[in-house]
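*Asks:* Sending over a structure as structure tokens; questions will come in a sec.
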Amino acid sequence: MTVMMSYLFQGWNCRSSDKYRDMLLDIGTEEIAHVEMLSIMISRLLDKVPVEEQEKAAEHPVVEAALGGSSIDWHQLLYASMIPQHEIVAGQGGMAIDSMGNPWSGAFATSSGNLMADFRWNLMAETQGNLQVSRLYNMTDDTGVRNMLAFNLARDIMHQNQWQAACEELESDGLHKFHIPSPFPLDRVLLSQAHAFWNLSQGTESRDGRWASGPTPDGTGTFEYLEDPAPLTDDDGKLPNPDPRLDATPKTPTPTEYTGPNPVADQKIPKSVDKKAVEESKKMVKE
């Protein structure tokens, strides 16, 4: 659902060439079908499944390990681990929730208006998605489920290739360079840090990677390895005293500030309140 809505919004919001917009709407529409396939799969798997089959499924070593080991009462555990909304709310149907019952949110969708940034996110999403599909494939011996997942695996391989090709197309069309944002005037960038790799953990093995030497992928320079990077400023990052009107804790005792009318200024102080304390508190207020 996340990639479906991301691709559709990216397409609907696309202000670039029609070929990119059409491509996004093509794959977004395909993902609607994938959500339909998964919903039907969930419904069919939930339909009239005997407890014996659920227990058998839990005997898979990966599932067994994930659920806590073979010493657990599978009958109780399986029912405890099921999402009751599937039965109570959806009548054994698929829902817009994850495997833990958390509802899907539109906040998961990505559509920035920058196609290079979006296509890279899309590539990541397809990569992670296919990784999880492959794990699901290895966790079941159900022929029907495997048949569907084999299709999903193939399509996600295509989509990974598609997004990589789309990123390359954006560059060849001159719409973006490798780095984002682009185009962007490099004279406004602190160029001394544009290609520097900071070694900020124990060990220096990171110097052996492609990211530590040689030309940068953006074609604008070469990587530099900083084995012992020094601070770029003497600013210690400490904050000044808080605004006294916010009643936050200051560095030292500081009068608080209150402005405007005090409708209870002339109130009668009850016997239960120390009048001296009230007078002392007035001295700590800066009107």
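Chain identifiers are assigned as A, B, and so on, following the order in which chains appear in the structure tokens; residues are numbered from 1 within each chain, and ligands are numbered from 1 in order of appearance.
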Where in region 192-268 of chain A does DSSP assign strand (DSSP E), given as a list in words?

*Replies:*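 Here is the list: Ala196, Phe197, Trp198, Glu224, Tyr225, Leu226, Thr256 and Glu257 of chain A.
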
*Asks:* DSSP on the backbone: which residues in region 120-224 of chain A end up as alpha helix (DSSP H)? Give the answer as a PyMOL selection string.

*Replies:* chain A and resi 120-138+143-172

*Asks:* Please indicate the distance in Å from CA of Gln162 (chain A) to CA of Ser17 (chain A), rounded to one decimal place.

*Replies:*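 A separation of 16.6 Å between them.
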
*Asks:* Could you produce a table of the residues of region 207-258 of chain A lying within 9 Å of region 197-202 of chain A, with the nearest pair of atoms per residue and their separation in Å rounded to one decimal, using only C-alpha atoms, ordered by chain and increasing residue number, as CSV?

*Replies:*
```
residue,atom,partner,partner_atom,distance
A:Arg207,CA,A:Asn199,CA,8.2
A:Trp211,CA,A:Phe197,CA,7.3
A:Ala212,CA,A:Phe197,CA,6.1
A:Phe223,CA,A:Phe197,CA,7.1
A:Glu224,CA,A:Phe197,CA,6.0
A:Tyr225,CA,A:Phe197,CA,5.0
A:Leu226,CA,A:Trp198,CA,5.2
A:Glu227,CA,A:Asn199,CA,5.2
A:Asp228,CA,A:Asn199,CA,6.5
A:Pro229,CA,A:Trp198,CA,6.2
```

*Asks:* Nearest to Phe9 (chain A) among A:Ile40, A:Ala109, A:Leu149, A:Ile83, with distances taken over only C-alpha atoms: which residue is it?

*Replies:*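 Checking each of A:Ile40, A:Ala109, A:Leu149, A:Ile83 against Phe9 (chain A), counting only C-alpha atoms, the winner is A:Ala109.
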
*Asks:* Extract, using only C-alpha atoms, all DNA, RNA and protein residues at most 8 Å from Val3 (chain A), discarding same-chain residues fewer than 5 positions from it, and format them as a PyMOL selection string.

*Replies:* chain A and resi 28+31+109+122+125

*Asks:* Can you list, as a PyMOL selection string, every protein, DNA or RNA residue that comes within 12 Å of region 96-98 of chain A when you count only C-alpha atoms, leaving out same-chain residues fewer than 3 positions away?

*Replies:* chain A and resi 1-2+35-36+38-39+42+82-86+89-90+93+101-106

*Asks:* Quick one, how far is CA of Val285 (chain A) from CA of Thr256 (chain A)?

*Replies:*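 Between CA of Val285 (chain A) and CA of Thr256 (chain A) the gap works out to 5.0 Å.
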
*Asks:* Gly144 (chain A): which residues within 12 Å, counting only C-alpha atoms, same-chain residues fewer than 5 positions away excluded, as an NGL selection string?

*Replies:* :A and (37 or 40-42 or 44-45 or 137 or 149-151)

*Asks:* Go ahead and save the picked residues with C-alpha atoms, as a short mmCIF file (atom, residue, chain, number, x, y, z; two decimals), in the first residue's frame.

*Replies:*
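For reference, result22.cif as written:
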```cif
data_model
loop_
_atom_site.label_atom_id
_atom_site.label_comp_id
_atom_site.auth_asym_id
_atom_site.auth_seq_id
_atom_site.Cartn_x
_atom_site.Cartn_y
_atom_site.Cartn_z
CA MET A 37 -3.79 -10.09 -4.71
CA ILE A 40 -7.43 -12.14 -1.50
CA MET A 41 -4.53 -14.32 -0.37
CA ILE A 42 -5.10 -13.29 3.26
CA ARG A 44 -8.30 -17.39 1.50
CA LEU A 45 -5.68 -18.33 4.07
CA TYR A 137 8.55 -17.55 0.26
CA LEU A 149 4.99 -14.87 -4.49
CA ALA A 150 7.01 -16.12 -7.47
CA PHE A 151 5.09 -13.59 -9.57
#
```

*Asks:* Write out as a PyMOL selection string each polymer residue whose atoms come within 9 Å of Gly221 (chain A), counting only C-alpha atoms; drop sequence neighbours fewer than 4 positions from it.

*Replies:* chain A and resi 194-195+214-217

*Asks:* Work out how far apart CA of Gln267 (chain A) and CA of Glu287 (chain A) are and give it in Å to one decimal.

*Replies:*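 Spanning CA of Gln267 (chain A) to CA of Glu287 (chain A) is a straight-line distance of 18.5 Å.
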